[in-house]
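What follows is a single structure, written as structure tokens, with notes after it.
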Amino acid sequence: MVTIMASEIAVRYAQGLFELTEEMNTVKKTKEEVEALQKVLADNPDVELFFRAVKVTKQEKRNFIDQVFGKTCSHELVSFLKLLIDKGRIYCLDEILDDYVQMADEKLGIVRAVVSSARPLDEKQMEQIRTALEKKMGRTVILTNRTDPSLIAGIKVTVGNRVTDITMATKIETMRNALLKGGQA
């Protein structure tokens, strides 16, 4: 129940930020700032702990936002972070930022895909996959490569809830199931 409520709150705040940046025609710029902020939070987990600390006053948190993000983030994003502090919604920050990036990606025609492979793919291979996906989808594609040695060989591409699985592990599993059912492989 709490996560559902937090999810709804995150979507509402992300939507508010998105509508503001859309109105100001700064969706792309704000998305870049949000992604930089996400990296800062991922690299420095203590920042989020600081925001969640009960003994730290709202004013101290607001001052921290000014000092740390005031020079690198837009006034709108800094004000938005302060609003989250004031409303006691900072605990949803990660989810709000994720939701905003998804909304911005949709607006900007960007889709994210994960390519799973047994071994890391090189830049050329990733570029070939990206080009093929962009041609097929008619959108800009941002690829991430994840290694999974259990795949043996081949790749699995996940775009949203669509999965294209051309891995050796899947082929072996299909053969195994066919043989167990008495069929031919």
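Labels used: A, B, ... for chains in the order of the structure tokens, numbers from 1 for residues in each chain, and numbers from 1 for ligands as shown.
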
Env of Arg112 in chain A: 9 Å cut, atoms = only C-alpha atoms, seq-sep filter 5 positions within chain, self excluded. Answer as a PDB file with C-alpha atoms, in the first residue's frame.
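part.pdb, freshly written:
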ATOM      1  CA  ASP A 105      12.149  10.390 -23.252  1.00  0.00           C
ATOM      2  CA  THR A 140      16.321   7.393 -31.034  1.00  0.00           C
ATOM      3  CA  VAL A 141      17.559   4.411 -29.009  1.00  0.00           C
ATOM      4  CA  ILE A 142      19.740   4.518 -25.897  1.00  0.00           C
ATOM      5  CA  LEU A 143      21.364   1.128 -25.343  1.00  0.00           C
ATOM      6  CA  THR A 144      22.756  -0.445 -22.220  1.00  0.00           C
ATOM      7  CA  THR A 158      14.642  -5.797 -24.086  1.00  0.00           C
ATOM      8  CA  VAL A 159      12.754  -2.667 -25.140  1.00  0.00           C
ATOM      9  CA  GLY A 160      10.055  -1.792 -22.634  1.00  0.00           C
TER      10      GLY A 160
END

Requested in this report: Determine, counting only C-alpha atoms, which protein, DNA and RNA residues have an atom within 12 Å of an atom of Val47 in chain A; residues of the same chain fewer than 3 positions away are not included. Present the result as a ChimeraX atom specification.
Outcome: /A:37-44,50-53,61,64-65,68-69,90-91,93-94

Requested in this report: Write down as JSON, numbers by chain the residues belonging to range 2-136 of chain A that are assigned helix (DSSP H, G or I) by DSSP computed on the backbone.
Outcome: {"A": [2, 3, 4, 5, 6, 7, 8, 9, 10, 11, 12, 13, 14, 15, 16, 17, 18, 19, 20, 21, 22, 23, 27, 28, 29, 30, 31, 32, 33, 34, 35, 36, 37, 38, 39, 40, 41, 42, 43, 45, 46, 47, 48, 49, 50, 51, 52, 58, 59, 60, 61, 62, 63, 64, 65, 66, 67, 68, 69, 75, 76, 77, 78, 79, 80, 81, 82, 83, 84, 85, 86, 90, 91, 92, 93, 94, 95, 96, 97, 98, 99, 100, 101, 102, 103, 104, 105, 106, 107, 108, 123, 124, 125, 126, 127, 128, 129, 130, 131, 132, 133, 134, 135, 136]}

Query - Top pick for closest residue to Ala118 in chain A, considering A:Lys156, A:Lys28, A:Lys181, A:Lys58 and counting only C-alpha atoms - result: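 Of the candidates, the smallest distance to Ala118 in chain A is held by A:Lys156.
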
Report task. Name the residues of range 98-161 of chain A that come out as strand (DSSP E or B) in a backbone DSSP run; write them as JSON, numbers by chain. Result -> {"A": [110, 111, 112, 113, 114, 115, 116, 117, 140, 141, 142, 143, 144, 145, 146, 147, 154, 155, 156, 157, 158, 159]}

**Report entry** Distance criterion (only C-alpha atoms): nearest to Ser117 in chain A out of A:Met137, A:Val157, A:Ile85, A:Ala132
**Finding:** A:Val157

Query raised in the report: Using only C-alpha atoms, which residue out of A:Lys87, A:Arg162, A:Leu151, A:His75 lies closest to Val111 in chain A?
Result: A:Arg162

**Report entry** Residue nearest Ile96 in chain A - candidates A:Gly154, A:Gly70, A:Gly138, A:Gly16, atoms counted: only C-alpha atoms
**Finding:** A:Gly16

**Report entry** Proximity to Arg89 in chain A - best of A:Thr72, A:Ser7, A:Gln125, A:Thr26, only C-alpha atoms
**Finding:**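 Looking at the shortest contact to Arg89 in chain A, the residue is A:Ser7.
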